[in-house]
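Structure file work.pdb; described as PDB, C-alpha atoms.
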```
ATOM      1  CA  MET C  24     135.344 120.396  76.690
ATOM      2  CA  LEU C  25     132.620 123.018  77.152
ATOM      3  CA  ALA C  26     130.774 121.748  74.092
ATOM      4  CA  LYS C  27     130.952 118.196  75.442
ATOM      5  CA  LEU C  28     129.555 119.298  78.810
ATOM      6  CA  ILE C  29     126.709 121.146  77.119
ATOM      7  CA  ALA C  30     125.895 118.066  75.032
ATOM      8  CA  VAL C  31     125.868 115.829  78.114
ATOM      9  CA  ALA C  32     123.665 118.287  80.002
ATOM     10  CA  SER C  33     121.278 118.486  77.065
ATOM     11  CA  LEU C  34     121.030 114.685  76.872
ATOM     12  CA  ALA C  35     120.384 114.433  80.618
ATOM     13  CA  ALA C  36     117.629 117.043  80.406
ATOM     14  CA  SER C  37     116.029 115.197  77.500
ATOM     15  CA  VAL C  38     116.044 111.865  79.330
ATOM     16  CA  ALA C  39     114.644 113.518  82.472
ATOM     17  CA  ALA C  40     111.768 114.904  80.392
ATOM     18  CA  HIS C  41     110.745 111.423  79.198
ATOM     19  CA  ALA C  42     107.778 109.829  80.938
ATOM     20  CA  THR C  43     105.518 106.799  81.359
ATOM     21  CA  PHE C  44     101.853 106.187  82.109
ATOM     22  CA  GLN C  45     102.093 104.417  85.468
ATOM     23  CA  ASP C  46      98.790 104.596  87.350
ATOM     24  CA  LEU C  47      95.051 104.167  86.806
ATOM     25  CA  TRP C  48      91.973 105.640  88.482
ATOM     26  CA  ILE C  49      88.370 104.441  88.146
ATOM     27  CA  ASN C  50      85.642 106.946  89.048
ATOM     28  CA  GLY C  51      88.199 108.798  91.149
ATOM     29  CA  VAL C  52      89.404 105.674  93.005
ATOM     30  CA  ASP C  53      93.169 105.160  92.878
ATOM     31  CA  GLN C  54      94.163 101.786  91.399
ATOM     32  CA  GLY C  55      97.855 102.759  91.383
ATOM     33  CA  SER C  56     100.035 100.408  89.357
ATOM     34  CA  SER C  57      97.952  97.335  90.237
ATOM     35  CA  CYS C  58      96.913  96.540  86.662
ATOM     36  CA  VAL C  59      99.492  98.239  84.439
ATOM     37  CA  ARG C  60     102.197  96.612  82.360
ATOM     38  CA  LEU C  61     104.909  99.022  83.447
ATOM     39  CA  PRO C  62     107.512  99.928  80.812
ATOM     40  CA  LEU C  63     111.093  99.094  81.747
ATOM     41  CA  SER C  64     112.223 102.685  81.123
ATOM     42  CA  ASN C  65     110.821 106.119  80.362
ATOM     43  CA  SER C  66     112.441 106.184  76.918
ATOM     44  CA  PRO C  67     110.160 106.557  73.886
ATOM     45  CA  VAL C  68     109.391 104.217  71.025
ATOM     46  CA  THR C  69     110.326 105.956  67.774
ATOM     47  CA  SER C  70     109.340 103.388  65.128
ATOM     48  CA  VAL C  71     105.677 102.911  64.187
ATOM     49  CA  SER C  72     106.439  99.620  62.429
ATOM     50  CA  THR C  73     107.665  97.475  65.342
ATOM     51  CA  SER C  74     105.560  95.496  67.815
ATOM     52  CA  ASP C  75     106.835  97.827  70.566
ATOM     53  CA  ILE C  76     104.363 100.464  69.363
ATOM     54  CA  ALA C  77     101.526  98.439  70.921
ATOM     55  CA  CYS C  78     102.419  98.215  74.625
ATOM     56  CA  ASN C  79     106.035  99.493  74.779
ATOM     57  CA  VAL C  80     109.342  97.587  74.927
ATOM     58  CA  ASN C  81     109.064  94.341  76.925
ATOM     59  CA  PRO C  82     106.853  95.846  79.660
ATOM     60  CA  THR C  83     106.749  94.203  83.073
ATOM     61  CA  PRO C  84     103.981  91.546  83.216
ATOM     62  CA  SER C  85     101.134  92.124  85.659
ATOM     63  CA  LYS C  86      98.661  89.698  87.229
ATOM     64  CA  GLY C  87      96.296  92.515  88.221
ATOM     65  CA  VAL C  88      93.033  93.191  86.391
ATOM     66  CA  CYS C  89      91.001  96.285  87.287
ATOM     67  CA  SER C  90      87.200  96.166  87.008
ATOM     68  CA  ILE C  91      85.356  98.862  85.054
ATOM     69  CA  ASN C  92      81.851  99.324  83.655
ATOM     70  CA  PRO C  93      80.463 101.090  80.607
ATOM     71  CA  GLY C  94      80.062 104.780  81.393
ATOM     72  CA  ASP C  95      82.789 104.789  84.054
ATOM     73  CA  GLU C  96      85.273 107.644  84.152
ATOM     74  CA  VAL C  97      88.780 106.208  83.858
ATOM     75  CA  THR C  98      91.888 108.294  84.468
ATOM     76  CA  VAL C  99      95.405 107.469  83.295
ATOM     77  CA  GLU C 100      98.334 109.056  85.151
ATOM     78  CA  MET C 101     101.748 109.900  83.693
ATOM     79  CA  HIS C 102     104.992 110.937  85.390
ATOM     80  CA  GLN C 103     108.607 111.295  84.372
ATOM     81  CA  GLN C 104     110.170 108.973  86.935
ATOM     82  CA  PRO C 105     109.017 105.582  88.321
ATOM     83  CA  GLY C 106     106.852 105.925  91.411
ATOM     84  CA  ASP C 107     106.778 109.725  91.277
ATOM     85  CA  ARG C 108     103.351 111.241  91.944
ATOM     86  CA  SER C 109     104.410 114.759  92.849
ATOM     87  CA  CYS C 110     102.434 117.611  91.324
ATOM     88  CA  ALA C 111     105.523 119.808  91.681
ATOM     89  CA  ASN C 112     107.063 118.056  88.668
ATOM     90  CA  GLN C 113     105.739 118.198  85.126
ATOM     91  CA  ALA C 114     104.176 114.948  83.954
ATOM     92  CA  ILE C 115     106.196 115.145  80.752
ATOM     93  CA  GLY C 116     108.640 118.011  80.340
ATOM     94  CA  GLY C 117     111.277 119.346  78.002
ATOM     95  CA  ASP C 118     108.737 120.890  75.583
ATOM     96  CA  HIS C 119     107.449 117.407  74.687
ATOM     97  CA  TYR C 120     104.311 118.828  73.083
ATOM     98  CA  GLY C 121     101.787 116.596  71.351
ATOM     99  CA  PRO C 122      98.494 114.691  71.488
ATOM    100  CA  ILE C 123      97.055 112.115  73.878
ATOM    101  CA  ASN C 124      95.323 109.012  72.506
ATOM    102  CA  VAL C 125      93.523 106.298  74.468
ATOM    103  CA  TYR C 126      92.582 102.963  72.867
ATOM    104  CA  MET C 127      90.889  99.787  74.067
ATOM    105  CA  ALA C 128      91.176  96.220  72.746
ATOM    106  CA  LYS C 129      88.900  93.315  73.591
ATOM    107  CA  VAL C 130      90.980  90.225  74.425
ATOM    108  CA  SER C 131      90.389  86.741  75.763
ATOM    109  CA  ASP C 132      92.712  87.181  78.767
ATOM    110  CA  ALA C 133      93.959  90.623  79.780
ATOM    111  CA  THR C 134      96.943  89.229  81.665
ATOM    112  CA  SER C 135      98.382  87.314  78.715
ATOM    113  CA  ALA C 136      97.078  89.087  75.609
ATOM    114  CA  VAL C 137      99.721  90.291  73.146
ATOM    115  CA  GLY C 138      99.124  93.927  72.312
ATOM    116  CA  SER C 139     100.527  93.678  68.811
ATOM    117  CA  SER C 140      98.038  90.879  68.022
ATOM    118  CA  ALA C 141      94.984  92.718  69.371
ATOM    119  CA  GLY C 142      92.393  94.827  67.553
ATOM    120  CA  TRP C 143      92.251  98.374  68.943
ATOM    121  CA  PHE C 144      89.549 101.063  68.863
ATOM    122  CA  LYS C 145      90.128 104.616  70.036
ATOM    123  CA  VAL C 146      87.986 105.883  72.912
ATOM    124  CA  SER C 147      89.477 109.337  73.529
ATOM    125  CA  GLU C 148      91.874 111.871  72.066
ATOM    126  CA  ILE C 149      93.019 115.445  72.493
ATOM    127  CA  GLY C 150      95.481 117.081  70.123
ATOM    128  CA  LEU C 151      95.752 120.866  69.771
ATOM    129  CA  PRO C 152      92.613 122.242  71.450
ATOM    130  CA  SER C 153      93.806 125.846  70.980
ATOM    131  CA  ASN C 154      96.259 127.678  68.736
ATOM    132  CA  ASN C 155      95.950 131.043  70.467
ATOM    133  CA  PRO C 156      98.371 130.383  72.017
ATOM    134  CA  ASP C 157      99.309 126.827  71.036
ATOM    135  CA  TYR C 158      98.125 124.465  73.758
ATOM    136  CA  TRP C 159      98.639 120.720  73.380
ATOM    137  CA  GLY C 160      97.155 117.617  74.954
ATOM    138  CA  THR C 161     100.388 117.069  76.883
ATOM    139  CA  GLU C 162      99.851 120.444  78.552
ATOM    140  CA  VAL C 163      96.535 119.130  79.880
ATOM    141  CA  LEU C 164      98.597 116.408  81.580
ATOM    142  CA  ASN C 165     101.049 118.936  83.008
ATOM    143  CA  ASP C 166      98.250 121.192  84.282
ATOM    144  CA  ASN C 167      96.531 118.238  85.967
ATOM    145  CA  CYS C 168      99.390 116.476  87.759
ATOM    146  CA  GLY C 169      99.729 113.921  84.967
ATOM    147  CA  HIS C 170      96.038 112.924  84.841
ATOM    148  CA  TYR C 171      93.798 112.519  81.801
ATOM    149  CA  THR C 172      90.239 111.245  82.121
ATOM    150  CA  PHE C 173      88.041 109.535  79.536
ATOM    151  CA  LYS C 174      84.680 107.791  79.637
ATOM    152  CA  VAL C 175      84.283 104.081  78.864
ATOM    153  CA  PRO C 176      81.831 103.715  75.934
ATOM    154  CA  GLN C 177      78.322 102.956  77.142
ATOM    155  CA  ASP C 178      77.593 100.042  74.830
ATOM    156  CA  ILE C 179      80.745  97.917  74.558
ATOM    157  CA  ALA C 180      80.498  94.197  75.194
ATOM    158  CA  PRO C 181      81.640  92.818  78.552
ATOM    159  CA  GLY C 182      84.906  90.918  78.929
ATOM    160  CA  ASP C 183      88.635  91.389  79.250
ATOM    161  CA  TYR C 184      90.250  94.409  77.596
ATOM    162  CA  LEU C 185      93.547  96.210  77.348
ATOM    163  CA  ILE C 186      93.627  99.996  77.634
ATOM    164  CA  ARG C 187      96.443 101.659  75.699
ATOM    165  CA  ALA C 188      97.275 105.206  76.848
ATOM    166  CA  GLU C 189      99.648 107.127  74.594
ATOM    167  CA  VAL C 190     101.396 110.474  74.240
ATOM    168  CA  ILE C 191     103.054 111.402  70.949
ATOM    169  CA  ALA C 192     105.762 114.014  71.547
ATOM    170  CA  LEU C 193     106.335 116.170  68.466
ATOM    171  CA  HIS C 194     109.150 118.509  69.531
ATOM    172  CA  VAL C 195     111.586 116.924  67.020
ATOM    173  CA  ALA C 196     109.005 115.492  64.606
ATOM    174  CA  SER C 197     109.942 117.573  61.552
ATOM    175  CA  GLN C 198     111.897 114.603  60.162
ATOM    176  CA  VAL C 199     110.842 110.982  59.681
ATOM    177  CA  GLY C 200     111.440 109.012  62.877
ATOM    178  CA  GLY C 201     111.534 112.128  65.047
ATOM    179  CA  ALA C 202     108.170 111.692  66.750
ATOM    180  CA  GLN C 203     108.370 110.027  70.172
ATOM    181  CA  PHE C 204     105.694 107.586  71.364
ATOM    182  CA  TYR C 205     105.117 107.029  75.085
ATOM    183  CA  MET C 206     102.550 104.323  75.836
ATOM    184  CA  SER C 207     101.486 101.878  78.534
ATOM    185  CA  CYS C 208      98.863  99.141  78.535
ATOM    186  CA  PHE C 209      96.456  98.546  81.431
ATOM    187  CA  GLN C 210      94.558  95.296  82.074
ATOM    188  CA  VAL C 211      90.826  95.624  82.785
ATOM    189  CA  LYS C 212      87.596  93.639  82.861
ATOM    190  CA  VAL C 213      84.481  95.395  81.565
ATOM    191  CA  GLY C 214      81.131  94.513  83.123
ATOM    192  CA  GLY C 215      77.631  95.373  82.006
ATOM    193  CA  SER C 216      75.487  93.930  79.244
ATOM    194  CA  GLY C 217      76.578  95.853  76.148
ATOM    195  CA  SER C 218      76.973  94.204  72.786
ATOM    196  CA  ALA C 219      79.009  96.633  70.670
ATOM    197  CA  ASN C 220      82.300  95.553  69.149
ATOM    198  CA  PRO C 221      83.665  98.702  67.456
ATOM    199  CA  PRO C 222      85.807  98.481  64.298
ATOM    200  CA  THR C 223      89.484  98.134  65.096
ATOM    201  CA  VAL C 224      93.002  98.908  63.918
ATOM    202  CA  SER C 225      96.303  97.165  64.619
ATOM    203  CA  PHE C 226      99.563  98.233  66.241
ATOM    204  CA  PRO C 227     101.738  98.226  64.248
ATOM    205  CA  GLY C 228      99.638  99.290  61.282
ATOM    206  CA  ALA C 229      97.473 102.145  62.582
ATOM    207  CA  TYR C 230     100.157 104.786  62.006
ATOM    208  CA  SER C 231     102.519 105.705  59.193
ATOM    209  CA  ALA C 232     105.779 107.538  59.863
ATOM    210  CA  GLU C 233     104.611 110.164  57.367
ATOM    211  CA  ASP C 234     101.109 110.747  58.735
ATOM    212  CA  PRO C 235     100.492 114.524  58.925
ATOM    213  CA  GLY C 236     100.077 114.362  62.707
ATOM    214  CA  ILE C 237     103.385 112.468  63.097
ATOM    215  CA  LEU C 238     105.684 114.125  60.541
ATOM    216  CA  ILE C 239     105.148 117.775  61.435
ATOM    217  CA  ASN C 240     106.950 120.980  62.392
ATOM    218  CA  ILE C 241     105.005 122.233  65.407
ATOM    219  CA  TYR C 242     107.037 125.452  65.541
ATOM    220  CA  GLU C 243     105.303 126.767  62.428
ATOM    221  CA  PRO C 244     101.896 128.468  62.807
ATOM    222  CA  LEU C 245      99.197 125.780  62.943
ATOM    223  CA  SER C 246      95.560 126.457  62.090
ATOM    224  CA  THR C 247      94.651 122.788  62.490
ATOM    225  CA  TYR C 248      96.170 119.481  63.618
ATOM    226  CA  VAL C 249      95.269 115.978  62.423
ATOM    227  CA  ILE C 250      95.446 113.557  65.371
ATOM    228  CA  PRO C 251      96.983 110.232  64.264
ATOM    229  CA  GLY C 252      94.845 107.112  64.172
ATOM    230  CA  PRO C 253      91.135 106.480  63.673
ATOM    231  CA  ALA C 254      88.344 108.699  64.945
ATOM    232  CA  PRO C 255      87.357 107.913  68.532
ATOM    233  CA  TYR C 256      84.380 105.605  69.002
ATOM    234  CA  ALA C 257      81.110 107.171  70.214
ATOM    235  CA  THR C 258      82.680 110.519  71.086
ATOM    236  CA  THR C 259      84.407 113.492  69.480
ATOM    237  CA  SER C 260      87.617 115.393  70.154
ATOM    238  CA  PRO C 261      87.783 119.151  70.711
ATOM    239  CA  ALA C 262      88.320 121.205  67.557
ATOM    240  CA  VAL C 263      91.183 123.698  67.416
ATOM    241  CA  ALA C 264      89.926 126.893  69.068
ATOM    242  CA  HIS C 265      91.253 130.357  68.327
ATOM    243  CA  THR C 266      90.779 131.494  71.912
ATOM    244  CA  PRO C 267      92.942 130.513  74.912
ATOM    245  CA  TYR C 268      92.246 127.048  76.317
ATOM    246  CA  PRO C 269      91.382 127.000  80.055
ATOM    247  CA  THR C 270      94.414 125.868  82.019
ATOM    248  CA  THR C 271      92.850 125.631  85.489
ATOM    249  CA  ALA C 272      93.312 122.124  86.875
ATOM    250  CA  THR C 273      90.210 119.939  86.928
ATOM    251  CA  TRP C 274      92.067 117.320  88.989
ATOM    252  CA  ASN C 275      92.052 117.864  92.756
ATOM    253  CA  THR C 276      95.830 118.212  93.076
ATOM    254  CA  ALA C 277      95.592 118.924  96.798
ATOM    255  CA  LEU C 278      94.468 115.319  97.353
ATOM    256  CA  GLN C 279      97.054 113.732  95.057
ATOM    257  CA  PRO C 280      98.588 110.723  96.882
ATOM    258  CA  SER C 281     102.329 110.324  97.307
ATOM    259  CA  THR C 282     102.340 106.524  97.434
ATOM    260  CA  VAL C 283     101.434 103.996  94.737
ATOM    261  CA  PRO C 284      98.967 101.166  95.474
ATOM    262  CA  THR C 285     100.167  97.904  93.963
ATOM    263  CA  ALA C 286      97.086  95.782  94.725
ATOM    264  CA  VAL C 287      93.669  96.207  93.119
ATOM    265  CA  PRO C 288      91.474  98.116  95.640
ATOM    266  CA  THR C 289      88.441  96.471  97.215
ATOM    267  CA  ALA C 290      85.002  97.359  95.876
ATOM    268  CA  GLY C 291      83.463 100.492  97.390
ATOM    269  CA  ALA C 292      86.734 102.409  97.915
ATOM    270  CA  LYS C 293      86.267 106.180  98.090
ATOM    271  CA  GLY C 294      87.315 108.384  95.166
ATOM    272  CA  ILE C 295      88.781 111.904  95.120
ATOM    273  CA  GLY C 296      88.051 113.556  91.771
ATOM    274  CA  LYS C 297      88.750 113.637  88.069
ATOM    275  CA  ALA C 298      90.710 115.436  85.345
TER     276      ALA C 298
END
```

Represent the structure of the file as structure tokens.
Amino acid sequence: MLAKLIAVASLAASVAAHATFQDLWINGVDQGSSCVRLPLSNSPVTSVSTSDIACNVNPTPSKGVCSINPGDEVTVEMHQQPGDRSCANQAIGGDHYGPINVYMAKVSDATSAVGSSAGWFKVSEIGLPSNNPDYWGTEVLNDNCGHYTFKVPQDIAPGDYLIRAEVIALHVASQVGGAQFYMSCFQVKVGGSGSANPPTVSFPGAYSAEDPGILINIYEPLSTYVIPGPAPYATTSPAVAHTPYPTTATWNTALQPSTVPTAVPTAGAKGIGKA
């Protein structure tokens, strides 16, 4: 009986530690869930070969499209439970250590585009920025109330896009199928007058279950870490440092809202910060 209770408690803790990207910010302005295809649960995708790896398992459709411009700072926000924005809770817990990847895909209609049919290019990533001690991209989320900020490439062509924000949790990734993928897709319209159309990859297709950044024992000493997927477009990711990574929050957690906007904000709304 005791063993059964321990197993149940362990399962509950694991499920509680799961998470979803739920909210979007543009230049510090809270868009809430107004343009996200919200996953139906906080459970991970564990197969890299199914269409679910693109935008999660049958996410909730959204009619919202958020407007961004080249050079904008866009922030994705992750939490464990739906609607939770509390900084008192870890964004993703239970030692779910791993990288963050952010991709974009140009599509004809952001509200109806099928993620698994789109061509994706990576715009940001952070894996293991320090190994003294080990400090993972997911810890950046936890230190910043679930927020991770990237810059929209300066030269991409205008039009509708999907943004795919992803965490890969590696705490049980030492066997094939152990890595856990947590992703959400956001619907945006890019303005400006750029003309670049970066080379793309497909989901499924971009990852293999045996990629060195997916099939890995993170509890062994690591001198380097290979982030899955292509190199990010027009930017670089931090190399593994041998000095402690700064853990001070860059997000203004004191101004973190407790409610979730569900409608796209009007132009000119005031922002609060970045991470």

May I ask which of the residues C:Pro82, C:Gly150, C:Gly217, C:Gly116 is the closest one to Cys168 of chain C, counting all atoms listed in the file?
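Comparing C:Pro82, C:Gly150, C:Gly217, C:Gly116 against Cys168 of chain C, the winner is C:Gly116.
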
Might you spell out which residues the PyMOL selection byres ((chain C and resi 193-202) around 7) would select in the displayed file, as a count of residues only?
17

Write out as a PDB file with C-alpha atoms, in the coordinates of the input which residues come within 9 Å of segment 125-130 of chain C when counting only C-alpha atoms, dropping same-chain ones fewer than 2 positions away.
```pdb
ATOM      1  CA  ILE C 123      97.055 112.115  73.878  1.00  0.00           C
ATOM      2  CA  ASP C 132      92.712  87.181  78.767  1.00  0.00           C
ATOM      3  CA  ALA C 133      93.959  90.623  79.780  1.00  0.00           C
ATOM      4  CA  ALA C 136      97.078  89.087  75.609  1.00  0.00           C
ATOM      5  CA  VAL C 137      99.721  90.291  73.146  1.00  0.00           C
ATOM      6  CA  GLY C 138      99.124  93.927  72.312  1.00  0.00           C
ATOM      7  CA  ALA C 141      94.984  92.718  69.371  1.00  0.00           C
ATOM      8  CA  GLY C 142      92.393  94.827  67.553  1.00  0.00           C
ATOM      9  CA  TRP C 143      92.251  98.374  68.943  1.00  0.00           C
ATOM     10  CA  PHE C 144      89.549 101.063  68.863  1.00  0.00           C
ATOM     11  CA  LYS C 145      90.128 104.616  70.036  1.00  0.00           C
ATOM     12  CA  VAL C 146      87.986 105.883  72.912  1.00  0.00           C
ATOM     13  CA  SER C 147      89.477 109.337  73.529  1.00  0.00           C
ATOM     14  CA  GLU C 148      91.874 111.871  72.066  1.00  0.00           C
ATOM     15  CA  PHE C 173      88.041 109.535  79.536  1.00  0.00           C
ATOM     16  CA  ALA C 180      80.498  94.197  75.194  1.00  0.00           C
ATOM     17  CA  PRO C 181      81.640  92.818  78.552  1.00  0.00           C
ATOM     18  CA  GLY C 182      84.906  90.918  78.929  1.00  0.00           C
ATOM     19  CA  ASP C 183      88.635  91.389  79.250  1.00  0.00           C
ATOM     20  CA  TYR C 184      90.250  94.409  77.596  1.00  0.00           C
ATOM     21  CA  LEU C 185      93.547  96.210  77.348  1.00  0.00           C
ATOM     22  CA  ILE C 186      93.627  99.996  77.634  1.00  0.00           C
ATOM     23  CA  ARG C 187      96.443 101.659  75.699  1.00  0.00           C
ATOM     24  CA  ALA C 188      97.275 105.206  76.848  1.00  0.00           C
ATOM     25  CA  GLU C 189      99.648 107.127  74.594  1.00  0.00           C
ATOM     26  CA  VAL C 190     101.396 110.474  74.240  1.00  0.00           C
ATOM     27  CA  ASN C 220      82.300  95.553  69.149  1.00  0.00           C
ATOM     28  CA  THR C 223      89.484  98.134  65.096  1.00  0.00           C
ATOM     29  CA  PRO C 255      87.357 107.913  68.532  1.00  0.00           C
TER      30      PRO C 255
END
```

Any idea what's packed within 8 Å of Gly55 of chain C, counting all atoms listed in the file, ignoring anything in its chain fewer than 2 positions away? Could you give it as a list in words?
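Using all atoms listed in the file, the neighbours found are Gln45, Asp46, Leu47, Trp48, Asp53, Ser57, Cys58, Val283, Pro284, Thr285, Ala286 and Val287 of chain C.
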
On this structure, the PyMOL selection byres ((chain C and resi 246) around 8) would catch which residues? List them as a PDB file with C-alpha atoms, in the coordinates of the input, sorted by chain and number.
```
ATOM      1  CA  ASN C 154      96.259 127.678  68.736  1.00  0.00           C
ATOM      2  CA  PRO C 244     101.896 128.468  62.807  1.00  0.00           C
ATOM      3  CA  LEU C 245      99.197 125.780  62.943  1.00  0.00           C
ATOM      4  CA  THR C 247      94.651 122.788  62.490  1.00  0.00           C
ATOM      5  CA  TYR C 248      96.170 119.481  63.618  1.00  0.00           C
ATOM      6  CA  VAL C 263      91.183 123.698  67.416  1.00  0.00           C
TER       7      VAL C 263
END
```

Spell out the residues picked by the PyMOL selection byres ((chain C and resi 250) around 7) here, as number ranges by chain.
C: 122, 150, 236, 248-249, 251-252

Selected residue, from C:His41, C:Asp75, C:Ala114, C:Thr134, that lies nearest to Val211 of chain C when counting all atoms listed in the file:
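Among the listed residues, C:Thr134 lies closest to Val211 of chain C.
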
Atom pair atom CA of Glu96 of chain C / atom CA of Phe209 of chain C: separation (Å)
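Atom-to-atom, atom CA of Glu96 of chain C and atom CA of Phe209 of chain C are spaced 14.7 Å apart.
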
Counting only C-alpha atoms, which of C:Asn50, C:Gln210, C:Ser225, C:Ser135 gets nearest to Asp95 of chain C?
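Closest candidate: C:Asn50.
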
Nearest candidate to Phe44 of chain C (options C:Leu63, C:Cys89, C:Leu164, C:Met206; using only C-alpha atoms)
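Result for the nearest residue to Phe44 of chain C: C:Met206.
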
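In this structure, atom CA of Gly160 of chain C sits 21.9 Å away from atom CA of Ala277 of chain C.
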
Straight-line distance linking atom CA of Lys86 of chain C with atom CA of Cys110 of chain C, stated in Å to one decimal:
28.5 Å

Write segment 130-137 of chain C as an mmCIF file, in the coordinates of the input, completed to all heavy atoms.
```cif
data_model
loop_
_atom_site.group_PDB
_atom_site.id
_atom_site.type_symbol
_atom_site.label_atom_id
_atom_site.label_comp_id
_atom_site.auth_asym_id
_atom_site.auth_seq_id
_atom_site.Cartn_x
_atom_site.Cartn_y
_atom_site.Cartn_z
ATOM 1 N N VAL C 130 90.067 91.369 74.474
ATOM 2 C CA VAL C 130 90.980 90.225 74.425
ATOM 3 C C VAL C 130 90.378 89.079 75.233
ATOM 4 O O VAL C 130 89.461 89.265 76.033
ATOM 5 C CB VAL C 130 92.375 90.593 74.983
ATOM 6 C CG1 VAL C 130 93.045 91.647 74.102
ATOM 7 C CG2 VAL C 130 92.285 91.102 76.422
ATOM 8 N N SER C 131 90.915 87.894 75.036
ATOM 9 C CA SER C 131 90.389 86.741 75.763
ATOM 10 C C SER C 131 90.895 86.697 77.201
ATOM 11 O O SER C 131 90.182 86.244 78.101
ATOM 12 C CB SER C 131 90.761 85.441 75.041
ATOM 13 O OG SER C 131 92.170 85.336 74.905
ATOM 14 N N ASP C 132 92.118 87.169 77.430
ATOM 15 C CA ASP C 132 92.712 87.181 78.767
ATOM 16 C C ASP C 132 93.614 88.406 78.872
ATOM 17 O O ASP C 132 94.650 88.480 78.210
ATOM 18 C CB ASP C 132 93.523 85.902 79.002
ATOM 19 C CG ASP C 132 94.083 85.799 80.413
ATOM 20 O OD1 ASP C 132 94.165 86.829 81.113
ATOM 21 O OD2 ASP C 132 94.462 84.684 80.828
ATOM 22 N N ALA C 133 93.226 89.362 79.696
ATOM 23 C CA ALA C 133 93.959 90.623 79.780
ATOM 24 C C ALA C 133 95.383 90.445 80.302
ATOM 25 O O ALA C 133 96.261 91.250 79.994
ATOM 26 C CB ALA C 133 93.203 91.612 80.673
ATOM 27 N N THR C 134 95.614 89.402 81.087
ATOM 28 C CA THR C 134 96.943 89.229 81.665
ATOM 29 C C THR C 134 97.945 88.623 80.698
ATOM 30 O O THR C 134 99.153 88.721 80.905
ATOM 31 C CB THR C 134 96.890 88.353 82.930
ATOM 32 O OG1 THR C 134 96.412 87.049 82.584
ATOM 33 C CG2 THR C 134 95.979 88.971 83.980
ATOM 34 N N SER C 135 97.460 87.984 79.635
ATOM 35 C CA SER C 135 98.382 87.314 78.715
ATOM 36 C C SER C 135 98.267 87.795 77.269
ATOM 37 O O SER C 135 99.067 87.393 76.425
ATOM 38 C CB SER C 135 98.151 85.794 78.754
ATOM 39 O OG SER C 135 96.826 85.477 78.346
ATOM 40 N N ALA C 136 97.297 88.635 76.984
ATOM 41 C CA ALA C 136 97.078 89.087 75.609
ATOM 42 C C ALA C 136 98.293 89.833 75.076
ATOM 43 O O ALA C 136 98.940 90.595 75.808
ATOM 44 C CB ALA C 136 95.850 89.986 75.543
ATOM 45 N N VAL C 137 98.610 89.621 73.818
ATOM 46 C CA VAL C 137 99.721 90.291 73.146
ATOM 47 C C VAL C 137 99.179 91.531 72.443
ATOM 48 O O VAL C 137 98.318 91.427 71.557
ATOM 49 C CB VAL C 137 100.403 89.351 72.133
ATOM 50 C CG1 VAL C 137 101.524 90.070 71.397
ATOM 51 C CG2 VAL C 137 100.925 88.104 72.846
#
```
